[in-house]
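Pasted below: data29.cif, mmCIF, C-alpha atoms.
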data_entry
#
loop_
_atom_site.label_atom_id
_atom_site.label_comp_id
_atom_site.auth_asym_id
_atom_site.auth_seq_id
_atom_site.Cartn_x
_atom_site.Cartn_y
_atom_site.Cartn_z
CA MET A 1 -0.06 28.10 42.82
CA THR A 2 -2.31 28.32 39.78
CA LYS A 3 -0.53 27.58 36.51
CA VAL A 4 -1.68 29.21 33.27
CA PRO A 5 0.36 28.04 30.26
CA LEU A 6 0.92 30.30 27.27
CA LEU A 7 -0.23 27.35 25.15
CA ASP A 8 -1.41 23.83 26.00
CA LEU A 9 -1.78 21.65 22.91
CA THR A 10 -2.61 18.55 24.97
CA ARG A 11 -6.08 19.97 25.70
CA GLN A 12 -6.83 20.29 22.00
CA TYR A 13 -5.45 16.84 21.24
CA LYS A 14 -7.53 15.10 23.92
CA ALA A 15 -10.73 16.37 22.33
CA ILE A 16 -9.95 15.01 18.84
CA GLN A 17 -7.41 12.26 19.45
CA HIS A 18 -9.62 9.44 18.12
CA GLU A 19 -10.14 11.26 14.81
CA ILE A 20 -6.45 12.09 14.56
CA LYS A 21 -5.32 8.54 15.24
CA ALA A 22 -7.80 7.13 12.72
CA ALA A 23 -6.59 9.58 10.06
CA MET A 24 -2.94 8.77 10.73
CA ASP A 25 -3.70 5.03 10.68
CA GLN A 26 -5.16 5.42 7.20
CA VAL A 27 -1.88 6.88 5.97
CA VAL A 28 0.17 4.19 7.71
CA GLU A 29 -2.00 1.47 6.17
CA SER A 30 -1.64 3.02 2.72
CA GLN A 31 2.15 3.41 3.10
CA ARG A 32 1.89 6.59 0.97
CA PHE A 33 3.85 9.10 3.02
CA ILE A 34 5.09 11.70 0.53
CA LEU A 35 2.51 13.93 -1.21
CA GLY A 36 -0.37 11.79 -2.57
CA PRO A 37 -4.16 11.97 -2.07
CA LYS A 38 -4.11 13.26 1.53
CA VAL A 39 -1.94 16.21 0.57
CA GLU A 40 -4.18 16.92 -2.44
CA GLU A 41 -7.28 16.81 -0.23
CA LEU A 42 -5.72 19.27 2.20
CA GLU A 43 -4.61 21.56 -0.63
CA GLN A 44 -8.16 21.73 -1.96
CA GLY A 45 -9.52 22.42 1.53
CA ILE A 46 -7.03 25.21 2.26
CA ALA A 47 -7.49 26.85 -1.15
CA SER A 48 -11.25 26.91 -0.65
CA TYR A 49 -10.93 28.15 2.94
CA CYS A 50 -8.64 31.02 1.93
CA GLY A 51 -10.59 32.06 -1.16
CA ALA A 52 -7.84 31.09 -3.61
CA LYS A 53 -8.00 28.85 -6.67
CA TYR A 54 -4.97 26.71 -5.90
CA ALA A 55 -2.79 25.57 -3.00
CA VAL A 56 0.56 23.78 -2.85
CA GLY A 57 1.55 21.93 0.33
CA VAL A 58 5.15 22.49 1.35
CA SER A 59 7.52 21.52 4.15
CA SER A 60 7.19 24.63 6.34
CA GLY A 61 6.03 28.23 6.45
CA THR A 62 9.64 29.25 5.85
CA ASP A 63 9.80 27.14 2.70
CA ALA A 64 6.46 28.59 1.58
CA LEU A 65 8.13 32.02 1.51
CA LEU A 66 11.30 30.70 -0.09
CA ILE A 67 9.57 28.77 -2.88
CA SER A 68 7.37 31.80 -3.67
CA LEU A 69 10.46 33.97 -4.07
CA MET A 70 12.09 31.26 -6.20
CA ALA A 71 9.00 31.06 -8.40
CA GLU A 72 9.40 34.77 -9.13
CA GLY A 73 13.06 34.30 -10.03
CA VAL A 74 14.24 36.48 -7.14
CA GLY A 75 18.01 36.27 -6.84
CA PRO A 76 21.30 38.16 -6.36
CA GLY A 77 20.99 41.88 -6.98
CA ASP A 78 17.22 41.92 -6.48
CA ILE A 79 15.36 43.83 -3.74
CA VAL A 80 12.42 42.65 -1.63
CA VAL A 81 10.62 45.04 0.73
CA THR A 82 9.23 43.91 4.07
CA THR A 83 9.16 44.99 7.72
CA PRO A 84 11.81 44.39 10.38
CA TYR A 85 9.18 43.37 12.93
CA THR A 86 8.40 39.75 12.18
CA PHE A 87 9.69 36.23 12.74
CA PHE A 88 13.16 35.64 11.31
CA ALA A 89 11.92 33.37 8.49
CA THR A 90 10.47 36.26 6.48
CA VAL A 91 13.82 37.94 5.97
CA GLY A 92 15.84 34.74 6.15
CA ALA A 93 14.03 33.50 3.03
CA ILE A 94 14.81 36.73 1.15
CA VAL A 95 18.50 36.56 2.01
CA ARG A 96 18.75 32.87 1.08
CA THR A 97 17.80 33.75 -2.51
CA GLY A 98 20.69 36.23 -2.62
CA ALA A 99 18.35 39.21 -2.70
CA ARG A 100 18.61 42.27 -0.42
CA PRO A 101 15.83 43.00 2.07
CA VAL A 102 14.75 46.63 2.35
CA PHE A 103 12.77 47.43 5.48
CA VAL A 104 9.83 49.73 6.12
CA ASP A 105 8.48 50.42 9.59
CA ILE A 106 5.19 49.22 11.05
CA ARG A 107 2.05 50.93 12.27
CA PRO A 108 2.03 51.50 16.05
CA ASP A 109 -1.54 50.24 16.45
CA THR A 110 -1.54 46.94 14.50
CA TYR A 111 2.23 46.20 14.24
CA ASN A 112 1.70 45.57 10.52
CA MET A 113 3.40 47.25 7.56
CA ASP A 114 2.72 50.99 7.30
CA PRO A 115 1.49 51.57 3.71
CA GLN A 116 2.52 55.25 3.74
CA LYS A 117 6.06 54.33 4.74
CA LEU A 118 6.09 51.63 2.08
CA ASP A 119 5.10 54.20 -0.54
CA ALA A 120 7.73 56.67 0.69
CA THR A 121 10.48 54.05 0.77
CA ILE A 122 9.91 52.94 -2.82
CA SER A 123 9.40 56.52 -4.03
CA ASN A 124 12.80 57.43 -2.58
CA MET A 125 14.60 54.57 -4.33
CA SER A 126 16.82 55.35 -7.29
CA GLU A 127 15.67 54.25 -10.73
CA GLU A 128 18.25 51.47 -10.64
CA GLU A 129 16.99 50.21 -7.27
CA ARG A 130 13.40 50.24 -8.49
CA ALA A 131 14.48 48.25 -11.55
CA HIS A 132 15.69 45.52 -9.18
CA LEU A 133 12.62 45.64 -6.90
CA LYS A 134 10.90 42.27 -7.27
CA ALA A 135 8.45 41.80 -4.39
CA ILE A 136 6.75 43.21 -1.33
CA ILE A 137 6.13 40.91 1.64
CA PRO A 138 3.54 42.29 4.09
CA ILE A 139 3.11 40.26 7.27
CA HIS A 140 -0.32 39.65 8.81
CA LEU A 141 1.11 39.73 12.32
CA TYR A 142 -0.59 38.12 15.33
CA GLY A 143 -3.62 37.07 13.27
CA GLN A 144 -4.77 40.39 11.78
CA CYS A 145 -4.42 41.37 8.13
CA ALA A 146 -2.12 44.17 7.10
CA ASP A 147 -3.83 47.10 5.34
CA MET A 148 -3.72 45.38 1.97
CA ALA A 149 -5.57 47.78 -0.37
CA PRO A 150 -2.99 50.60 -0.21
CA ILE A 151 -0.14 48.05 -0.14
CA ARG A 152 -1.55 46.43 -3.29
CA GLU A 153 -1.94 49.86 -4.91
CA VAL A 154 1.77 50.62 -4.35
CA ALA A 155 2.76 47.18 -5.67
CA ASP A 156 0.66 47.62 -8.81
CA ARG A 157 2.04 51.10 -9.44
CA TYR A 158 5.59 49.78 -9.45
CA ASP A 159 4.68 46.43 -11.07
CA VAL A 160 5.97 44.17 -8.30
CA VAL A 161 4.40 41.04 -6.84
CA VAL A 162 2.93 40.74 -3.36
CA ILE A 163 3.80 37.70 -1.27
CA GLU A 164 1.59 37.63 1.82
CA ASP A 165 3.26 36.24 4.92
CA ALA A 166 0.09 34.84 6.46
CA ALA A 167 1.88 32.35 8.71
CA GLN A 168 -0.05 33.59 11.76
CA ALA A 169 -3.29 34.52 10.04
CA ILE A 170 -5.18 31.65 8.40
CA GLY A 171 -8.83 32.74 8.28
CA ALA A 172 -8.14 36.41 9.04
CA GLU A 173 -10.25 38.75 6.92
CA TYR A 174 -9.92 42.18 5.33
CA GLN A 175 -12.62 44.51 4.03
CA TRP A 176 -11.46 45.40 0.53
CA PRO A 177 -12.92 48.78 -0.51
CA GLY A 178 -15.76 48.21 -2.93
CA GLU A 179 -15.12 44.47 -3.25
CA GLY A 180 -16.21 42.93 0.04
CA ILE A 181 -14.38 40.62 2.40
CA LYS A 182 -11.13 38.90 1.38
CA ARG A 183 -9.18 36.34 3.36
CA ALA A 184 -5.51 36.39 4.29
CA GLY A 185 -3.44 34.86 1.52
CA SER A 186 -5.87 35.69 -1.30
CA MET A 187 -4.84 39.32 -1.89
CA GLY A 188 -1.34 38.85 -3.26
CA GLU A 189 0.13 36.73 -6.03
CA TYR A 190 1.08 34.30 -3.25
CA GLY A 191 -0.16 33.64 0.28
CA CYS A 192 2.19 31.75 2.60
CA PHE A 193 1.01 29.76 5.62
CA SER A 194 2.74 27.89 8.44
CA PHE A 195 1.39 24.80 10.16
CA PHE A 196 3.96 24.88 12.96
CA PRO A 197 2.32 23.14 15.96
CA SER A 198 1.71 26.35 17.91
CA LYS A 199 -0.24 28.03 15.07
CA ASN A 200 -4.04 28.28 15.02
CA LEU A 201 -3.99 25.40 12.55
CA GLY A 202 -1.01 23.34 13.68
CA ALA A 203 0.42 20.07 12.42
CA PHE A 204 2.33 17.44 14.40
CA GLY A 205 5.61 18.87 13.14
CA ASP A 206 6.61 21.29 10.40
CA GLY A 207 4.38 22.02 7.44
CA GLY A 208 3.29 24.89 5.24
CA MET A 209 1.20 25.93 2.27
CA VAL A 210 1.31 28.43 -0.59
CA VAL A 211 -1.99 29.59 -2.09
CA THR A 212 -2.33 31.38 -5.41
CA SER A 213 -5.03 32.07 -7.98
CA ASP A 214 -2.59 32.15 -10.90
CA GLU A 215 -2.52 28.84 -12.78
CA ALA A 216 0.98 29.27 -14.22
CA ARG A 217 2.44 30.09 -10.81
CA TYR A 218 0.61 27.11 -9.32
CA HIS A 219 2.18 24.68 -11.78
CA LEU A 220 5.63 26.21 -11.26
CA LEU A 221 5.32 25.89 -7.48
CA LYS A 222 4.43 22.22 -7.85
CA ILE A 223 7.56 21.64 -9.96
CA LEU A 224 9.84 23.62 -7.64
CA ARG A 225 8.81 21.65 -4.55
CA VAL A 226 10.12 18.39 -6.09
CA HIS A 227 13.62 19.57 -7.04
CA GLY A 228 12.34 21.23 -10.21
CA ALA A 229 11.55 17.87 -11.83
CA ARG A 230 8.88 17.33 -14.49
CA PRO A 231 8.62 14.49 -15.32
CA LYS A 232 10.54 12.66 -12.62
CA TYR A 233 14.34 12.84 -13.08
CA TYR A 234 14.06 15.52 -15.80
CA HIS A 235 14.94 19.02 -14.57
CA LYS A 236 14.40 22.28 -16.43
CA VAL A 237 14.79 24.36 -13.26
CA VAL A 238 16.49 23.95 -9.89
CA GLY A 239 13.97 23.55 -7.10
CA GLY A 240 14.22 22.01 -3.67
CA ASN A 241 12.82 19.34 -1.40
CA PHE A 242 9.81 21.30 -0.21
CA ARG A 243 7.23 18.50 0.04
CA LEU A 244 4.50 18.27 2.66
CA ASP A 245 4.17 14.72 3.96
CA ALA A 246 0.90 12.81 4.06
CA LEU A 247 0.87 12.26 7.84
CA GLN A 248 0.91 16.01 8.45
CA ALA A 249 -1.79 16.50 5.82
CA ALA A 250 -3.98 13.86 7.50
CA VAL A 251 -3.70 15.63 10.85
CA LEU A 252 -4.48 19.00 9.28
CA ILE A 253 -7.52 17.71 7.39
CA VAL A 254 -9.05 16.70 10.73
CA LYS A 255 -8.11 19.98 12.40
CA LEU A 256 -9.34 22.18 9.55
CA LYS A 257 -12.93 21.11 10.37
CA TYR A 258 -12.54 22.69 13.82
CA LEU A 259 -10.62 25.82 12.85
CA ASP A 260 -13.53 28.26 12.82
CA GLN A 261 -14.77 26.88 16.14
CA TRP A 262 -11.31 27.37 17.66
CA THR A 263 -11.04 30.87 16.18
CA GLN A 264 -14.37 31.81 17.75
CA LYS A 265 -13.09 30.62 21.14
CA ARG A 266 -9.96 32.76 20.75
CA GLN A 267 -12.13 35.77 19.91
CA GLU A 268 -14.36 35.06 22.92
CA ASN A 269 -11.30 34.81 25.16
CA ALA A 270 -10.11 38.17 23.85
CA GLN A 271 -13.47 39.70 24.76
CA VAL A 272 -13.27 38.21 28.27
CA TYR A 273 -9.85 39.82 28.71
CA ARG A 274 -11.25 43.19 27.59
CA LYS A 275 -14.24 42.99 29.92
CA LEU A 276 -12.23 41.90 32.96
CA MET A 277 -9.47 44.46 32.41
CA GLU A 278 -12.03 47.23 32.12
CA GLU A 279 -13.73 46.06 35.31
CA ALA A 280 -10.36 45.89 37.08
CA GLY A 281 -9.55 49.45 35.95
CA ILE A 282 -6.16 48.51 34.50
CA GLU A 283 -5.42 51.71 32.59
CA LYS A 284 -1.70 51.19 31.95
CA VAL A 285 -2.24 48.20 29.65
CA LYS A 286 -3.11 48.86 26.00
CA LEU A 287 -5.15 46.03 24.48
CA PRO A 288 -4.97 44.81 20.85
CA LEU A 289 -6.73 46.95 18.26
CA GLU A 290 -9.25 45.09 16.12
CA LYS A 291 -8.82 47.21 13.02
CA GLU A 292 -9.58 44.83 10.18
CA ALA A 293 -12.60 42.63 9.50
CA ARG A 294 -11.63 39.44 11.37
CA HIS A 295 -8.79 39.15 13.87
CA ILE A 296 -8.10 35.46 14.58
CA TYR A 297 -5.84 36.09 17.61
CA ASN A 298 -2.91 33.83 16.89
CA GLN A 299 -1.51 35.93 19.72
CA PHE A 300 -3.11 38.32 22.22
CA ILE A 301 -0.62 41.19 22.46
CA ILE A 302 -0.77 43.81 25.17
CA LYS A 303 1.34 46.97 25.24
CA VAL A 304 2.80 48.45 28.42
CA SER A 305 5.55 50.93 29.21
CA ARG A 306 9.19 50.04 28.52
CA ALA A 307 9.90 50.32 32.23
CA ASP A 308 7.14 47.83 33.07
CA ARG A 309 7.34 45.20 30.34
CA ASP A 310 10.11 42.91 31.62
CA ARG A 311 9.17 43.41 35.26
CA LEU A 312 5.56 42.50 34.43
CA ARG A 313 6.67 39.41 32.56
CA ASP A 314 8.80 38.30 35.51
CA TYR A 315 5.92 38.93 37.93
CA LEU A 316 3.49 36.88 35.85
CA ALA A 317 6.05 34.06 35.59
CA GLU A 318 6.48 34.07 39.37
CA ASN A 319 2.72 33.57 39.60
CA GLY A 320 2.66 30.68 37.12
CA ILE A 321 1.44 32.59 34.05
CA GLY A 322 3.12 31.90 30.72
CA THR A 323 3.89 34.84 28.42
CA GLU A 324 6.16 35.51 25.44
CA VAL A 325 7.81 38.47 23.75
CA TYR A 326 7.19 38.52 19.98
CA TYR A 327 9.84 39.83 19.10
CA PRO A 328 12.60 41.09 21.39
CA VAL A 329 15.06 42.14 18.65
CA PRO A 330 13.80 43.65 15.38
CA LEU A 331 15.48 42.14 12.35
CA HIS A 332 17.38 45.28 11.33
CA MET A 333 19.20 44.95 14.69
CA GLN A 334 20.07 41.26 14.32
CA GLU A 335 23.81 40.59 14.08
CA CYS A 336 23.50 38.53 10.89
CA PHE A 337 21.89 41.47 9.06
CA GLY A 338 24.46 44.03 10.20
CA TYR A 339 25.84 44.20 6.66
CA LEU A 340 22.62 45.95 5.54
CA GLY A 341 23.83 49.05 7.37
CA TYR A 342 20.69 49.96 9.27
CA ARG A 343 20.79 51.77 12.63
CA PRO A 344 18.43 50.95 15.52
CA GLU A 345 16.77 54.35 15.22
CA ASP A 346 15.88 53.82 11.55
CA PHE A 347 12.67 51.96 12.54
CA PRO A 348 11.55 53.47 15.84
CA VAL A 349 8.06 51.94 15.88
CA SER A 350 9.48 48.43 15.52
CA VAL A 351 12.01 49.09 18.27
CA GLU A 352 9.33 50.43 20.60
CA ALA A 353 7.10 47.41 19.91
CA SER A 354 9.97 45.07 20.72
CA GLN A 355 10.38 46.75 24.12
CA THR A 356 6.76 47.30 25.14
CA THR A 357 4.67 44.30 23.97
CA LEU A 358 3.82 41.03 25.69
CA ALA A 359 1.73 38.02 24.60
CA LEU A 360 -0.78 36.60 27.08
CA PRO A 361 -2.40 33.14 26.87
CA ILE A 362 -5.25 33.09 24.32
CA PHE A 363 -5.52 29.47 23.09
CA PRO A 364 -9.09 28.12 22.52
CA GLU A 365 -9.12 25.73 25.48
CA LEU A 366 -8.13 28.44 27.96
CA LYS A 367 -10.54 28.37 30.89
CA PRO A 368 -12.46 31.47 32.09
CA GLU A 369 -10.91 31.11 35.54
CA GLU A 370 -7.44 31.11 33.98
CA ILE A 371 -8.18 34.40 32.24
CA SER A 372 -9.60 35.80 35.50
CA TYR A 373 -6.47 34.76 37.37
CA THR A 374 -4.23 36.34 34.72
CA VAL A 375 -6.14 39.64 34.88
CA GLU A 376 -6.09 39.49 38.69
CA LYS A 377 -2.30 39.22 38.66
CA LEU A 378 -2.02 42.04 36.12
CA ALA A 379 -4.09 44.21 38.46
CA ASP A 380 -1.93 43.17 41.43
CA PHE A 381 1.22 44.16 39.57
CA TYR A 382 -0.05 47.67 38.93
CA LYS A 383 -1.34 48.07 42.46
CA LYS A 384 2.14 47.30 43.72
#

Encoding of this model in structure tokens:
Amino acid sequence: MTKVPLLDLTRQYKAIQHEIKAAMDQVVESQRFILGPKVEELEQGIASYCGAKYAVGVSSGTDALLISLMAEGVGPGDIVVTTPYTFFATVGAIVRTGARPVFVDIRPDTYNMDPQKLDATISNMSEEERAHLKAIIPIHLYGQCADMAPIREVADRYDVVVIEDAAQAIGAEYQWPGEGIKRAGSMGEYGCFSFFPSKNLGAFGDGGMVVTSDEARYHLLKILRVHGARPKYYHKVVGGNFRLDALQAAVLIVKLKYLDQWTQKRQENAQVYRKLMEEAGIEKVKLPLEKEARHIYNQFIIKVSRADRDRLRDYLAENGIGTEVYYPVPLHMQECFGYLGYRPEDFPVSVEASQTTLALPIFPELKPEEISYTVEKLADFYKK
């Protein structure tokens, strides 16, 4: 039986292993493992790549969100608005500061924050609630930017910061009205990235980055990531241990050179899926919408009926094809957030997405015959 993995990182590694090993050997020889010149080199590369002035390497994408909230002084009694359809870390970081997450639903076509619902949610807050509103966190889900211009307009009207959760979207682009193309992470006060191994730009463990174009925020982030110390052992603020290590930075410096090449392969794979599905006449599968300027396809998400989704996933698994559900339980329905008092029906688009979407393999090294086989099995499922 043909096997098509959802992701196979060994294929990527084999192509660049000599460069990776040489880069890691440099760090080992230097014995400088925490922060240092490799981390600074990566920070400069990521800032430039994302169109921001500054970047601060941190320990994970989760900690990128947390340290950004800490830098804004978000704490008990404050409110942060985001969507319930995202990875747990987005809301987990809000709650860890003591703040209360307030959810707005997503768009049914991109699965990103609905700007009109954002506007309505904040408009309907009491004056006291709006006084405690500190931040909006839009998520660039699956590798496509949220509709940032109207989100930014709402944020500016109510004088709150925007923290972009760009964990899945490094290199994604957005056409800003009248201002040209902007990259994910450069449109808010903060842009937060994850280098979890499965991401488009993945480390050999956990790692993350915050980008900003505000110099004061940049310096504060650098202090917060080392327990709030400046100089060493002198603490004006309480920070955390949020440092990116030099070995991860060395790996990422090598990989960053290949990122656009890998993104192009993902985009080409997406086009192969579209062509083959059209040729196969598979009408019951809705393909991803490319709404914004550059979709980098961290995931390739199809939408099917509720009745079909789990049966299709089982059928593909039986035929050796890896898939994943991102995400089976929206965050307003998670047990740990029950105290927020939301009902399942409060965010119907998020609930529907959780029950109708499925991720297919899309990684850059995916072979054309593996895509053909996947589409063939999709067609077989619907014939049966």

Next on the checklist: Just the number, please: distance in Å from atom CA of Lys53 of chain A to atom CA of Arg225 of chain A, one decimal.
Outcome noted: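 One can read the atom CA of Lys53 of chain A to atom CA of Arg225 of chain A distance as 18.4 Å.
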
Please produce, as CSV, a per-residue contact table for segment 213-243 of chain A versus segment 22-37 of chain A (criterion: any atom at most 12 Å away, only C-alpha atoms considered), showing the nearest atom pair and its distance in Å to one decimal, sorted by chain then residue number.
residue,atom,partner,partner_atom,distance
A:Lys222,CA,A:Leu35,CA,10.8
A:Arg225,CA,A:Leu35,CA,10.5
A:Val226,CA,A:Leu35,CA,10.1
A:Asn241,CA,A:Ile34,CA,11.0
A:Phe242,CA,A:Leu35,CA,10.4
A:Arg243,CA,A:Leu35,CA,6.7

Taking the file as shown, find all residues satisfying the PyMOL selection byres ((chain A and resi 182) around 12) and write them as a PDB file with C-alpha atoms, in the frame of the given file.
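Full text of part_15.pdb as output:
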ATOM      1  CA  TYR A  49     -10.930  28.150   2.940  1.00  0.00           C
ATOM      2  CA  CYS A  50      -8.640  31.020   1.930  1.00  0.00           C
ATOM      3  CA  GLY A  51     -10.590  32.060  -1.160  1.00  0.00           C
ATOM      4  CA  ALA A  52      -7.840  31.090  -3.610  1.00  0.00           C
ATOM      5  CA  CYS A 145      -4.420  41.370   8.130  1.00  0.00           C
ATOM      6  CA  ALA A 146      -2.120  44.170   7.100  1.00  0.00           C
ATOM      7  CA  ASP A 147      -3.830  47.100   5.340  1.00  0.00           C
ATOM      8  CA  MET A 148      -3.720  45.380   1.970  1.00  0.00           C
ATOM      9  CA  ALA A 149      -5.570  47.780  -0.370  1.00  0.00           C
ATOM     10  CA  ILE A 170      -5.180  31.650   8.400  1.00  0.00           C
ATOM     11  CA  GLY A 171      -8.830  32.740   8.280  1.00  0.00           C
ATOM     12  CA  ALA A 172      -8.140  36.410   9.040  1.00  0.00           C
ATOM     13  CA  GLU A 173     -10.250  38.750   6.920  1.00  0.00           C
ATOM     14  CA  TYR A 174      -9.920  42.180   5.330  1.00  0.00           C
ATOM     15  CA  GLN A 175     -12.620  44.510   4.030  1.00  0.00           C
ATOM     16  CA  TRP A 176     -11.460  45.400   0.530  1.00  0.00           C
ATOM     17  CA  PRO A 177     -12.920  48.780  -0.510  1.00  0.00           C
ATOM     18  CA  GLY A 178     -15.760  48.210  -2.930  1.00  0.00           C
ATOM     19  CA  GLU A 179     -15.120  44.470  -3.250  1.00  0.00           C
ATOM     20  CA  GLY A 180     -16.210  42.930   0.040  1.00  0.00           C
ATOM     21  CA  ILE A 181     -14.380  40.620   2.400  1.00  0.00           C
ATOM     22  CA  ARG A 183      -9.180  36.340   3.360  1.00  0.00           C
ATOM     23  CA  ALA A 184      -5.510  36.390   4.290  1.00  0.00           C
ATOM     24  CA  GLY A 185      -3.440  34.860   1.520  1.00  0.00           C
ATOM     25  CA  SER A 186      -5.870  35.690  -1.300  1.00  0.00           C
ATOM     26  CA  MET A 187      -4.840  39.320  -1.890  1.00  0.00           C
ATOM     27  CA  GLY A 188      -1.340  38.850  -3.260  1.00  0.00           C
ATOM     28  CA  GLU A 292      -9.580  44.830  10.180  1.00  0.00           C
ATOM     29  CA  ALA A 293     -12.600  42.630   9.500  1.00  0.00           C
ATOM     30  CA  ARG A 294     -11.630  39.440  11.370  1.00  0.00           C
TER      31      ARG A 294
END

Checklist entry - What gap, in Å, lies between atom CA of Val351 of chain A and atom CA of Phe88 of chain A? => result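 If I compute the distance from atom CA of Val351 of chain A to atom CA of Phe88 of chain A, I get 15.2 Å.
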
Next on the checklist: Could you tell me, as JSON, numbers by chain, exactly which residues end up selected when the PyMOL selection byres ((chain A and resi 4-7) around 7) is applied to this structure?
Outcome noted: {"A": [2, 3, 8, 9, 320, 321, 322, 323, 360, 361, 363, 370]}

Item to check | Residues within 7 Å of (-8.9, 34.1, 28.0), counting all atoms listed in the file, listed as an MDAnalysis selection string | outcome: chainID A and resid 269:270 272:273 361:362 366:368 370:371

Checklist entry - Quick one: distance from atom CA of Thr97 of chain A to atom CA of Met113 of chain A in Å, one decimal? => result 22.2 Å

Next on the checklist: Using all atoms listed in the file, which protein or nucleic acid residues come within 8 Å of Met209 of chain A? Drop anything in the same chain fewer than 2 positions from it, and give the result as a VMD selection string.
Outcome noted: chain A and resid 43 55 to 61 64 192 to 195 207 211

Would you mind exporting the chosen residues as a PDB file, in the frame of the given file, restricted to C-alpha atoms?
ATOM      1  CA  GLU A  43      -4.610  21.560  -0.630  1.00  0.00           C
ATOM      2  CA  ALA A  55      -2.790  25.570  -3.000  1.00  0.00           C
ATOM      3  CA  VAL A  56       0.560  23.780  -2.850  1.00  0.00           C
ATOM      4  CA  GLY A  57       1.550  21.930   0.330  1.00  0.00           C
ATOM      5  CA  VAL A  58       5.150  22.490   1.350  1.00  0.00           C
ATOM      6  CA  SER A  59       7.520  21.520   4.150  1.00  0.00           C
ATOM      7  CA  SER A  60       7.190  24.630   6.340  1.00  0.00           C
ATOM      8  CA  GLY A  61       6.030  28.230   6.450  1.00  0.00           C
ATOM      9  CA  ALA A  64       6.460  28.590   1.580  1.00  0.00           C
ATOM     10  CA  CYS A 192       2.190  31.750   2.600  1.00  0.00           C
ATOM     11  CA  PHE A 193       1.010  29.760   5.620  1.00  0.00           C
ATOM     12  CA  SER A 194       2.740  27.890   8.440  1.00  0.00           C
ATOM     13  CA  PHE A 195       1.390  24.800  10.160  1.00  0.00           C
ATOM     14  CA  GLY A 207       4.380  22.020   7.440  1.00  0.00           C
ATOM     15  CA  VAL A 211      -1.990  29.590  -2.090  1.00  0.00           C
TER      16      VAL A 211
END

Item to check | Explicit residues for the PyMOL selection byres ((chain A and resi 202) around 12) (as a PyMOL selection string) | outcome: chain A and resi 9+12-13+60-61+167-170+193-201+203-209+248-256+258-259+262+298

Next on the checklist: So that I can check the surroundings of Ala379 of chain A, please list as a list in words every protein, DNA and RNA residue that reaches within 8 Å of it, counting only C-alpha atoms and ignoring chain neighbours fewer than 5 positions away.
Outcome noted: Ala280, Gly281 and Ile282 of chain A

Using C-alpha atoms, can you write the selected residues to a file as a PDB file, in the coordinates of the input?
ATOM      1  CA  ALA A 280     -10.360  45.890  37.080  1.00  0.00           C
ATOM      2  CA  GLY A 281      -9.550  49.450  35.950  1.00  0.00           C
ATOM      3  CA  ILE A 282      -6.160  48.510  34.500  1.00  0.00           C
TER       4      ILE A 282
END

For segment 103-115 of chain A, I'd like the enclosing box, axis-aligned and padded by 3 Å on every side, reported as JSON with centre and edge lengths in Å to one decimal.
{"center_x": 5.6, "center_y": 48.6, "center_z": 10.1, "size_x": 20.3, "size_y": 12.0, "size_z": 18.7}
